[in-house]
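Following: one structure in structure tokens, then a few remarks.
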Amino acid sequence: MKKKIKEHFPLKRFSQNFLINKNLIKKIVKFIDPQLKQILVEIGPGLGALTKPISNMIDELIVVEIDSNLLNVLKKRSFYSKLIVFCQDALVFDYFNLFYKKNRLLRIFGNLPYNISTSLLFCLFKKNKIIQDMNFMLQKEFAERLVASPGSKLYGRLSIIAQYYFNIKIIFNVSSENFRPIPKVDSTFVNLIPHKKSPYFTHDIKILSYITNVAFQKRRKILRHSLGQIFSEKIFFKLDINPKLRAENLSILQYCQLSNYVIENNILKK
Ligand code: SAM
């Protein structure tokens with residue numbers, strides 16, 4: 001039977017696993033360290049586990065929550081008056097509009113709904129220019145993929161695009177016992193800060209994204225085969241990349257090199 005948490009029946013389709021450990025909540029808030037005048041945006045406030053302590057520290061807190069029932073529960077709380085509420089899908093929320101209105105970089109945080117982590121992070125990566133930092137609770141395996149290095153089984157398109165834009169740090173791991181209902185997976189709290197000066201450069205992120213997508217679709221194959229439709233062996237040698245390596249062995253810099261070669265030589269249009 002479904003168990004009520006406070007006044008709410010948690011919905012699986014919105015990945016509603018609420019934080020219940022007060023010490024853990026304190027640790028997260030201390031790490032986020034909200035300051036007056038900063039523009040803090042919480043994705044999925046839920047029943048307010050992070051919303052309450054954070055809104056108490058600043059003048060206003062922007063929250064984006066898809067479930068109107070949860071917002072009705074929040075309405076009864078004293079801190080509600082501090083909130084600017086958007087009952088909306090975080091995937092379509094207009095972050096740019098908020099940035100232009102406030103004229104300040106955004107600090108985005110949340111115990112994220114794990115079912116939308118991939119699409120949400122790819123959506124936020126593209127907004128790196130208007131973001132000061134992001135602090136998220138994520139599924140542990142997802143967090144490990146974010147920070148994975150070449151050679152690791154977890155290294156892939158997500159790691160490359162994430163690290164292209166952001167400096168990412170695992171802050172701490174969190175066991176599933178700290179949530180209600182208890183999820184099937186463990187979690188990790190992660191900090192992401194956009195590079196001030198990126199160590200990587202590509203003329204067009206769409207091409208980098210395309211090449212990594214093609215390469216990792218056949219991650220067990222050597223590059224000569226997985227990327228053979230785009231690059232001849234001669235090009236690999238020209239770029240000093242061994243075509244017998246696999247997708248997971250190339251660094252982000254090498255993927256940038258490949259994508260820039262494609263653009264500079266008009267390869268995909270030929
Ligand atoms: N912050 C609360 C906490 O830590 O207890 C709740 C976290 S719960 C894991 C995820 C929250 O995100 C839920 O409140 C859920 O309704 C909300 N949510 C799910 N999908 C969403 C979406 N697409 N856009 C905005 N909020 C969403």
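Chain labels run A, B, ... following the order of the structure tokens; each chain numbers its residues from 1, and ligands are numbered from 1 in the order shown.
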What residues of the protein or nucleic acid chains come within 8 Å of ligand 1 when you use only C-alpha atoms and all ligand atoms? Reply as a short mmCIF file (atom, residue, chain, number, x, y, z; two decimals) with N, CA, C and O atoms, in the first residue's frame.
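Result file follows (selection31.cif):
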data_model
loop_
_atom_site.label_atom_id
_atom_site.label_comp_id
_atom_site.auth_asym_id
_atom_site.auth_seq_id
_atom_site.Cartn_x
_atom_site.Cartn_y
_atom_site.Cartn_z
N LEU A 11 4.59 10.36 -5.85
CA LEU A 11 4.34 9.84 -7.20
C LEU A 11 5.63 9.34 -7.82
O LEU A 11 6.61 10.07 -7.91
N ARG A 13 6.06 8.58 -10.94
CA ARG A 13 6.34 9.15 -12.27
C ARG A 13 7.08 10.49 -12.18
O ARG A 13 7.65 10.96 -13.15
N PHE A 14 7.05 11.12 -11.01
CA PHE A 14 7.83 12.36 -10.83
C PHE A 14 9.05 12.11 -9.94
O PHE A 14 9.63 13.05 -9.41
N SER A 15 9.43 10.86 -9.81
CA SER A 15 10.62 10.49 -9.00
C SER A 15 10.58 11.15 -7.62
O SER A 15 11.57 11.75 -7.19
N GLN A 16 9.46 11.06 -6.95
CA GLN A 16 9.34 11.74 -5.65
C GLN A 16 9.89 10.90 -4.51
O GLN A 16 9.21 10.05 -3.94
N ASN A 17 11.17 11.12 -4.22
CA ASN A 17 11.83 10.49 -3.08
C ASN A 17 12.35 11.63 -2.22
O ASN A 17 13.31 12.32 -2.59
N PHE A 18 11.68 11.83 -1.10
CA PHE A 18 11.93 13.03 -0.31
C PHE A 18 13.06 12.84 0.70
O PHE A 18 13.18 11.77 1.31
N LEU A 19 13.86 13.89 0.87
CA LEU A 19 14.96 13.84 1.85
C LEU A 19 14.38 13.89 3.25
O LEU A 19 13.54 14.76 3.54
N ILE A 20 14.85 13.00 4.13
CA ILE A 20 14.27 12.99 5.48
C ILE A 20 15.33 13.19 6.58
O ILE A 20 14.98 13.42 7.73
N GLU A 42 15.49 26.53 -7.13
CA GLU A 42 15.41 25.11 -6.76
C GLU A 42 14.53 24.35 -7.73
O GLU A 42 13.41 24.76 -8.02
N ILE A 43 15.05 23.24 -8.23
CA ILE A 43 14.26 22.38 -9.10
C ILE A 43 13.64 21.29 -8.23
O ILE A 43 14.34 20.56 -7.53
N GLY A 44 12.31 21.21 -8.26
CA GLY A 44 11.60 20.18 -7.50
C GLY A 44 11.68 20.37 -5.99
O GLY A 44 12.29 19.55 -5.30
N PRO A 45 11.06 21.41 -5.45
CA PRO A 45 11.12 21.61 -4.00
C PRO A 45 10.42 20.52 -3.19
O PRO A 45 10.71 20.33 -2.01
N GLY A 46 9.48 19.82 -3.83
CA GLY A 46 8.79 18.73 -3.14
C GLY A 46 8.07 19.22 -1.91
O GLY A 46 7.28 20.16 -1.95
N LEU A 47 8.39 18.61 -0.76
CA LEU A 47 7.74 19.01 0.49
C LEU A 47 8.57 20.04 1.25
O LEU A 47 8.30 20.32 2.41
N GLY A 48 9.60 20.54 0.60
CA GLY A 48 10.32 21.69 1.16
C GLY A 48 11.53 21.36 2.03
O GLY A 48 12.02 22.23 2.75
N ALA A 49 12.05 20.13 1.93
CA ALA A 49 13.18 19.73 2.79
C ALA A 49 14.36 20.71 2.67
O ALA A 49 14.95 21.10 3.70
N LEU A 50 14.67 21.13 1.45
CA LEU A 50 15.77 22.10 1.24
C LEU A 50 15.22 23.52 1.15
O LEU A 50 15.90 24.49 1.50
N THR A 51 14.00 23.61 0.66
CA THR A 51 13.37 24.91 0.43
C THR A 51 13.26 25.73 1.72
O THR A 51 13.56 26.92 1.74
N VAL A 64 10.84 25.66 -9.04
CA VAL A 64 10.17 25.13 -10.23
C VAL A 64 9.71 23.71 -9.89
O VAL A 64 10.53 22.82 -9.67
N GLU A 65 8.41 23.54 -9.80
CA GLU A 65 7.86 22.24 -9.38
C GLU A 65 6.73 21.84 -10.34
O GLU A 65 5.84 22.65 -10.63
N ILE A 66 6.79 20.60 -10.81
CA ILE A 66 5.80 20.16 -11.80
C ILE A 66 4.47 19.74 -11.16
O ILE A 66 3.42 19.83 -11.79
N ASP A 67 4.52 19.32 -9.89
CA ASP A 67 3.35 18.73 -9.25
C ASP A 67 2.59 19.78 -8.42
O ASP A 67 3.04 20.18 -7.34
N LEU A 70 1.86 19.20 -4.68
CA LEU A 70 2.94 19.50 -3.73
C LEU A 70 2.96 20.99 -3.42
O LEU A 70 3.19 21.40 -2.28
N CYS A 87 4.87 26.63 -11.37
CA CYS A 87 4.36 25.27 -11.46
C CYS A 87 4.60 24.83 -12.90
O CYS A 87 3.78 25.04 -13.78
N GLN A 88 5.74 24.26 -13.12
CA GLN A 88 6.20 24.03 -14.49
C GLN A 88 7.18 22.87 -14.57
O GLN A 88 7.81 22.52 -13.56
N ASP A 89 7.35 22.36 -15.76
CA ASP A 89 8.35 21.33 -16.02
C ASP A 89 9.72 22.02 -16.11
O ASP A 89 9.89 22.95 -16.92
N ALA A 90 10.67 21.57 -15.30
CA ALA A 90 12.01 22.20 -15.30
C ALA A 90 12.70 22.08 -16.66
O ALA A 90 13.64 22.83 -16.95
N LEU A 91 12.22 21.16 -17.48
CA LEU A 91 12.83 20.99 -18.80
C LEU A 91 12.44 22.10 -19.77
O LEU A 91 13.13 22.34 -20.76
N GLY A 110 19.06 21.30 -6.35
CA GLY A 110 17.91 20.45 -6.10
C GLY A 110 18.28 19.00 -5.91
O GLY A 110 19.35 18.55 -6.32
N ASN A 111 17.37 18.33 -5.23
CA ASN A 111 17.43 16.88 -5.16
C ASN A 111 16.62 16.45 -6.38
O ASN A 111 15.40 16.44 -6.35
N LEU A 112 17.31 16.17 -7.47
CA LEU A 112 16.64 16.08 -8.77
C LEU A 112 15.77 14.84 -8.94
O LEU A 112 16.08 13.79 -8.37
N PRO A 113 14.71 15.00 -9.74
CA PRO A 113 13.96 13.80 -10.15
C PRO A 113 14.87 13.00 -11.08
O PRO A 113 15.23 13.48 -12.17
N TYR A 114 15.26 11.80 -10.63
CA TYR A 114 16.29 11.07 -11.38
C TYR A 114 15.84 10.66 -12.79
O TYR A 114 16.67 10.47 -13.66
N ASN A 115 14.52 10.57 -12.99
CA ASN A 115 14.06 10.13 -14.32
C ASN A 115 14.30 11.18 -15.40
O ASN A 115 14.25 10.87 -16.58
N ILE A 116 14.57 12.42 -15.01
CA ILE A 116 14.84 13.43 -16.06
C ILE A 116 16.27 13.97 -15.99
O ILE A 116 16.59 14.95 -16.66
N PHE A 179 16.10 8.78 2.15
CA PHE A 179 14.96 9.28 1.38
C PHE A 179 13.71 8.46 1.72
O PHE A 179 13.80 7.30 2.09
#
- Message: What's around segment 25-35 of chain A at 9 Å? Count only C-alpha atoms, leave out sequence neighbours fewer than 6 positions away in its own chain, and write the answer as a ChimeraX atom specification.
- Response: /A:19,49-50,53-55,57-58,107,109,134-135,171,189,191
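Omitting Thr212 of chain A and its sequence neighbours fewer than 6 positions away, and counting only C-alpha atoms, the residues within 8 Å are Gly156, Arg157, Ala247 and Tyr255 of chain A.
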### segment 14-99 of chain A: residues DSSP assigns to helix (DSSP H, G or I), reported as a ChimeraX atom specification
/A:14,22-32,51-55,68-74,78-82,95-99
Emit the selected residues as a CSV table (one decimal), in the first residue's frame, including N, CA, C and O atoms.
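After the write, part-v2.csv holds the following:
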chain,number,residue,atom,x,y,z
A,14,PHE,N,7.1,11.1,-11.0
A,14,PHE,CA,7.8,12.4,-10.8
A,14,PHE,C,9.0,12.1,-9.9
A,14,PHE,O,9.6,13.1,-9.4
A,22,LYS,N,17.7,15.1,8.7
A,22,LYS,CA,18.0,16.5,9.0
A,22,LYS,C,19.4,16.9,8.9
A,22,LYS,O,19.8,18.0,8.5
A,23,ASN,N,20.3,16.0,9.4
A,23,ASN,CA,21.8,16.3,9.4
A,23,ASN,C,22.3,16.4,7.9
A,23,ASN,O,23.1,17.3,7.6
A,24,LEU,N,21.8,15.5,7.1
A,24,LEU,CA,22.1,15.5,5.7
A,24,LEU,C,21.7,16.8,5.0
A,24,LEU,O,22.4,17.5,4.3
A,25,ILE,N,20.4,17.2,5.4
A,25,ILE,CA,19.9,18.5,4.8
A,25,ILE,C,20.8,19.7,5.2
A,25,ILE,O,21.1,20.5,4.4
A,26,LYS,N,21.2,19.7,6.5
A,26,LYS,CA,22.1,20.7,7.0
A,26,LYS,C,23.4,20.8,6.2
A,26,LYS,O,23.9,21.8,5.8
A,27,LYS,N,23.9,19.6,6.0
A,27,LYS,CA,25.2,19.4,5.2
A,27,LYS,C,25.1,20.0,3.8
A,27,LYS,O,25.9,20.7,3.3
A,28,ILE,N,23.9,19.7,3.2
A,28,ILE,CA,23.7,20.2,1.8
A,28,ILE,C,23.6,21.7,1.8
A,28,ILE,O,24.2,22.4,1.0
A,29,VAL,N,22.8,22.2,2.7
A,29,VAL,CA,22.6,23.7,2.8
A,29,VAL,C,23.9,24.4,3.1
A,29,VAL,O,24.2,25.4,2.5
A,30,LYS,N,24.7,23.8,4.0
A,30,LYS,CA,26.0,24.4,4.3
A,30,LYS,C,26.9,24.5,3.1
A,30,LYS,O,27.5,25.5,2.8
A,31,PHE,N,26.8,23.4,2.3
A,31,PHE,CA,27.7,23.4,1.1
A,31,PHE,C,27.2,24.4,0.1
A,31,PHE,O,28.0,25.2,-0.5
A,32,ILE,N,25.9,24.5,-0.1
A,32,ILE,CA,25.3,25.5,-1.1
A,32,ILE,C,25.6,26.9,-0.6
A,32,ILE,O,25.9,27.8,-1.4
A,51,THR,N,14.0,23.6,0.7
A,51,THR,CA,13.4,24.9,0.4
A,51,THR,C,13.3,25.7,1.7
A,51,THR,O,13.6,26.9,1.7
A,52,LYS,N,12.8,25.0,2.8
A,52,LYS,CA,12.6,25.8,4.1
A,52,LYS,C,13.9,26.4,4.6
A,52,LYS,O,14.0,27.6,4.8
A,53,PRO,N,15.0,25.6,4.8
A,53,PRO,CA,16.2,26.2,5.4
A,53,PRO,C,16.8,27.2,4.4
A,53,PRO,O,17.3,28.2,4.9
A,54,ILE,N,16.7,27.0,3.1
A,54,ILE,CA,17.4,27.9,2.2
A,54,ILE,C,16.6,29.2,2.1
A,54,ILE,O,17.2,30.3,2.1
A,55,SER,N,15.3,29.1,2.0
A,55,SER,CA,14.5,30.3,1.9
A,55,SER,C,14.6,31.2,3.2
A,55,SER,O,14.5,32.4,3.2
A,68,SER,N,1.4,20.2,-8.9
A,68,SER,CA,0.7,21.3,-8.3
A,68,SER,C,0.2,20.8,-6.9
A,68,SER,O,0.0,21.6,-6.0
A,69,ASN,N,0.0,19.5,-6.7
A,69,ASN,CA,-0.5,19.0,-5.4
A,69,ASN,C,0.6,19.4,-4.3
A,69,ASN,O,0.3,19.7,-3.2
A,70,LEU,N,1.9,19.2,-4.7
A,70,LEU,CA,2.9,19.5,-3.7
A,70,LEU,C,3.0,21.0,-3.4
A,70,LEU,O,3.2,21.4,-2.3
A,71,LEU,N,2.7,21.8,-4.4
A,71,LEU,CA,2.7,23.2,-4.2
A,71,LEU,C,1.6,23.6,-3.3
A,71,LEU,O,1.7,24.5,-2.5
A,72,ASN,N,0.4,22.9,-3.4
A,72,ASN,CA,-0.7,23.2,-2.4
A,72,ASN,C,-0.3,22.9,-1.0
A,72,ASN,O,-0.7,23.5,-0.1
A,73,VAL,N,0.6,21.8,-0.8
A,73,VAL,CA,1.0,21.5,0.5
A,73,VAL,C,2.0,22.6,1.0
A,73,VAL,O,1.9,23.1,2.1
A,74,LEU,N,2.9,23.1,0.1
A,74,LEU,CA,3.8,24.1,0.4
A,74,LEU,C,3.2,25.4,0.8
A,74,LEU,O,3.7,26.2,1.7
A,78,SER,N,5.0,28.4,6.5
A,78,SER,CA,5.3,29.8,6.7
A,78,SER,C,6.3,30.4,5.7
A,78,SER,O,6.2,31.6,5.4
A,79,PHE,N,7.2,29.6,5.2
A,79,PHE,CA,8.2,30.1,4.3
A,79,PHE,C,7.7,30.3,2.9
A,79,PHE,O,8.4,30.9,2.0
A,80,TYR,N,6.4,29.9,2.6
A,80,TYR,CA,5.9,30.0,1.3
A,80,TYR,C,6.0,31.5,0.7
A,80,TYR,O,6.2,31.7,-0.5
A,81,SER,N,5.8,32.4,1.6
A,81,SER,CA,5.8,33.9,1.2
A,81,SER,C,7.2,34.3,0.6
A,81,SER,O,7.3,35.3,-0.1
A,82,LYS,N,8.2,33.5,1.0
A,82,LYS,CA,9.5,33.8,0.4
A,82,LYS,C,9.7,33.3,-1.0
A,82,LYS,O,10.7,33.5,-1.7
A,95,TYR,N,14.9,29.7,-18.2
A,95,TYR,CA,16.1,30.1,-17.4
A,95,TYR,C,16.7,31.4,-17.9
A,95,TYR,O,17.1,32.3,-17.2
A,96,PHE,N,16.7,31.6,-19.2
A,96,PHE,CA,17.2,32.8,-19.8
A,96,PHE,C,16.4,34.1,-19.4
A,96,PHE,O,16.9,35.1,-19.1
A,97,ASN,N,15.1,33.9,-19.5
A,97,ASN,CA,14.2,35.0,-19.1
A,97,ASN,C,14.5,35.4,-17.7
A,97,ASN,O,14.6,36.6,-17.3
A,98,LEU,N,14.6,34.4,-16.8
A,98,LEU,CA,14.9,34.7,-15.4
A,98,LEU,C,16.2,35.5,-15.2
A,98,LEU,O,16.3,36.5,-14.5
A,99,PHE,N,17.2,35.0,-16.0
A,99,PHE,CA,18.5,35.7,-15.9
A,99,PHE,C,18.4,37.1,-16.4
A,99,PHE,O,18.9,38.0,-15.8
Atom CA of Asn167 of chain A to atom CA of Glu248 of chain A measures 19.7 Å
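Closest approach to Asn21 of chain A among A:Ile108, A:Val174, A:Ile230, A:Leu124 is made by A:Val174 (distances from only C-alpha atoms).
Distance annotation: of A:Ser187, A:Ser232, A:Gln257, A:Ser175, the residue with the minimal separation from Phe201 of chain A is A:Gln257; atom set is only C-alpha atoms.
Between atom CA of Arg246 of chain A and atom CA of Ile222 of chain A lies a distance of 4.5 Å.
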I'd like the contact shell of Pro150 of chain A - 8 Å cut-off, only C-alpha atoms, skipping same-chain residues fewer than 4 positions apart - returned as a PDB file with C-alpha atoms, in the first residue's frame.
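The result, stored in out_1.pdb:
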ATOM      1  CA  TYR A 155      33.144   7.538 -19.706  1.00  0.00           C
ATOM      2  CA  GLU A 248      36.347   5.396 -24.499  1.00  0.00           C
ATOM      3  CA  ASN A 249      40.103   5.916 -24.963  1.00  0.00           C
ATOM      4  CA  LEU A 250      39.922   9.379 -26.553  1.00  0.00           C
ATOM      5  CA  SER A 251      40.239  12.486 -24.397  1.00  0.00           C
TER       6      SER A 251
END
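As for atom CA of Asp94 of chain A and atom CA of Ile207 of chain A, they are spaced 25.0 Å apart.
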Check: Using the chain letters and numbers from this document, which residues of segment 15-210 of chain A does DSSP assign to strand (DSSP E or B), as a VMD selection string?
Finding: chain A and resid 18 to 19 39 to 43 61 to 65 83 to 87 106 to 111 131 to 139 166 to 174 179 to 180 187 to 194
Write out, as a compact mmCIF listing (two decimals), in the first residue's frame, the residues just selected, with N, CA and C atoms.
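Saved the output as part.txt:
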# COMPACT_ATOMS: atom_id res chain seq x y z
N PHE A 18 11.68 11.83 -1.10
CA PHE A 18 11.93 13.03 -0.31
C PHE A 18 13.06 12.84 0.70
N LEU A 19 13.86 13.89 0.87
CA LEU A 19 14.96 13.84 1.85
C LEU A 19 14.38 13.89 3.25
N ILE A 39 20.78 34.68 -6.84
CA ILE A 39 19.54 34.20 -7.44
C ILE A 39 19.54 32.68 -7.34
N LEU A 40 18.85 32.18 -6.34
CA LEU A 40 18.80 30.73 -6.15
C LEU A 40 17.54 30.15 -6.76
N VAL A 41 17.73 29.06 -7.50
CA VAL A 41 16.61 28.41 -8.18
C VAL A 41 16.59 26.95 -7.75
N GLU A 42 15.49 26.53 -7.13
CA GLU A 42 15.41 25.11 -6.76
C GLU A 42 14.53 24.35 -7.73
N ILE A 43 15.05 23.24 -8.23
CA ILE A 43 14.26 22.38 -9.10
C ILE A 43 13.64 21.29 -8.23
N LEU A 61 13.31 32.92 -2.99
CA LEU A 61 13.83 31.69 -3.60
C LEU A 61 12.89 31.30 -4.74
N ILE A 62 13.48 31.06 -5.90
CA ILE A 62 12.66 30.67 -7.05
C ILE A 62 12.55 29.15 -7.06
N VAL A 63 11.33 28.63 -7.15
CA VAL A 63 11.17 27.18 -7.19
C VAL A 63 10.39 26.76 -8.43
N VAL A 64 10.84 25.66 -9.04
CA VAL A 64 10.17 25.13 -10.23
C VAL A 64 9.71 23.71 -9.89
N GLU A 65 8.41 23.54 -9.80
CA GLU A 65 7.86 22.24 -9.38
C GLU A 65 6.73 21.84 -10.34
N LEU A 83 8.76 32.44 -1.45
CA LEU A 83 8.98 31.72 -2.71
C LEU A 83 8.39 32.43 -3.91
N ILE A 84 9.11 32.33 -5.04
CA ILE A 84 8.54 32.73 -6.33
C ILE A 84 8.31 31.39 -7.03
N VAL A 85 7.05 31.07 -7.19
CA VAL A 85 6.72 29.69 -7.58
C VAL A 85 6.39 29.58 -9.07
N PHE A 86 6.99 28.59 -9.70
CA PHE A 86 6.63 28.25 -11.08
C PHE A 86 6.15 26.81 -11.08
N CYS A 87 4.87 26.63 -11.37
CA CYS A 87 4.36 25.27 -11.46
C CYS A 87 4.60 24.83 -12.90
N LEU A 106 22.63 32.55 -12.30
CA LEU A 106 21.74 31.71 -11.50
C LEU A 106 22.52 30.66 -10.72
N ARG A 107 22.04 30.41 -9.50
CA ARG A 107 22.56 29.29 -8.71
C ARG A 107 21.43 28.26 -8.66
N ILE A 108 21.60 27.17 -9.38
CA ILE A 108 20.52 26.19 -9.50
C ILE A 108 20.85 24.98 -8.61
N PHE A 109 19.87 24.51 -7.87
CA PHE A 109 20.13 23.36 -7.01
C PHE A 109 18.87 22.49 -6.90
N GLY A 110 19.06 21.30 -6.35
CA GLY A 110 17.91 20.45 -6.10
C GLY A 110 18.28 19.00 -5.91
N ASN A 111 17.37 18.33 -5.23
CA ASN A 111 17.43 16.88 -5.16
C ASN A 111 16.62 16.45 -6.38
N ILE A 131 24.85 30.67 -15.74
CA ILE A 131 24.83 29.91 -14.48
C ILE A 131 26.08 30.21 -13.66
N GLN A 132 25.86 30.47 -12.36
CA GLN A 132 27.02 30.64 -11.46
C GLN A 132 27.50 29.26 -10.99
N ASP A 133 26.55 28.45 -10.54
CA ASP A 133 26.89 27.07 -10.18
C ASP A 133 25.62 26.23 -10.09
N MET A 134 25.82 24.91 -10.01
CA MET A 134 24.69 24.00 -9.84
C MET A 134 25.09 22.97 -8.78
N ASN A 135 24.17 22.69 -7.87
CA ASN A 135 24.43 21.70 -6.83
C ASN A 135 23.27 20.73 -6.82
N PHE A 136 23.56 19.49 -7.20
CA PHE A 136 22.47 18.54 -7.39
C PHE A 136 22.70 17.23 -6.67
N MET A 137 21.60 16.68 -6.15
CA MET A 137 21.60 15.29 -5.72
C MET A 137 21.22 14.47 -6.94
N LEU A 138 22.07 13.49 -7.26
CA LEU A 138 21.84 12.69 -8.46
C LEU A 138 21.99 11.22 -8.13
N GLN A 139 21.51 10.39 -9.02
CA GLN A 139 21.75 8.96 -8.86
C GLN A 139 23.27 8.73 -8.91
N PHE A 166 31.64 22.29 -17.79
CA PHE A 166 31.67 22.48 -16.33
C PHE A 166 32.84 21.78 -15.67
N ASN A 167 33.26 22.38 -14.56
CA ASN A 167 34.18 21.72 -13.67
C ASN A 167 33.29 20.98 -12.65
N ILE A 168 33.43 19.68 -12.55
CA ILE A 168 32.46 18.91 -11.76
C ILE A 168 33.15 18.20 -10.60
N LYS A 169 32.54 18.32 -9.42
CA LYS A 169 33.11 17.66 -8.24
C LYS A 169 32.06 16.83 -7.53
N ILE A 170 32.46 15.62 -7.18
CA ILE A 170 31.59 14.79 -6.32
C ILE A 170 31.81 15.30 -4.90
N ILE A 171 30.76 15.67 -4.22
CA ILE A 171 30.92 16.21 -2.87
C ILE A 171 30.79 15.10 -1.82
N PHE A 172 29.70 14.33 -1.88
CA PHE A 172 29.61 13.15 -1.01
C PHE A 172 28.54 12.19 -1.54
N ASN A 173 28.70 10.94 -1.11
CA ASN A 173 27.70 9.93 -1.48
C ASN A 173 26.64 9.85 -0.38
N VAL A 174 25.45 9.46 -0.78
CA VAL A 174 24.32 9.42 0.16
C VAL A 174 23.59 8.09 -0.04
N PHE A 179 16.10 8.78 2.15
CA PHE A 179 14.96 9.28 1.38
C PHE A 179 13.71 8.46 1.72
N ARG A 180 12.54 9.07 1.55
CA ARG A 180 11.28 8.35 1.66
C ARG A 180 10.41 8.71 0.47
N SER A 187 22.72 7.61 -3.95
CA SER A 187 22.81 8.94 -4.56
C SER A 187 24.16 9.59 -4.29
N THR A 188 24.38 10.67 -5.00
CA THR A 188 25.63 11.44 -4.82
C THR A 188 25.31 12.91 -4.99
N PHE A 189 25.87 13.72 -4.09
CA PHE A 189 25.68 15.16 -4.19
C PHE A 189 26.86 15.74 -4.99
N VAL A 190 26.51 16.52 -6.01
CA VAL A 190 27.51 16.94 -6.99
C VAL A 190 27.49 18.46 -7.17
N ASN A 191 28.68 19.03 -7.34
CA ASN A 191 28.81 20.47 -7.59
C ASN A 191 29.34 20.69 -9.01
N LEU A 192 28.67 21.57 -9.75
CA LEU A 192 29.10 21.86 -11.14
C LEU A 192 29.29 23.37 -11.29
N ILE A 193 30.48 23.77 -11.71
CA ILE A 193 30.75 25.20 -11.93
C ILE A 193 31.24 25.38 -13.38
N PRO A 194 30.61 26.31 -14.11
CA PRO A 194 31.06 26.50 -15.50
C PRO A 194 32.53 26.94 -15.54
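Among the candidates A:Phe93, A:Ala143, A:Ser159, A:Glu60, the residue lying nearest to Lys127 of chain A is A:Phe93 (atoms considered: only C-alpha atoms).
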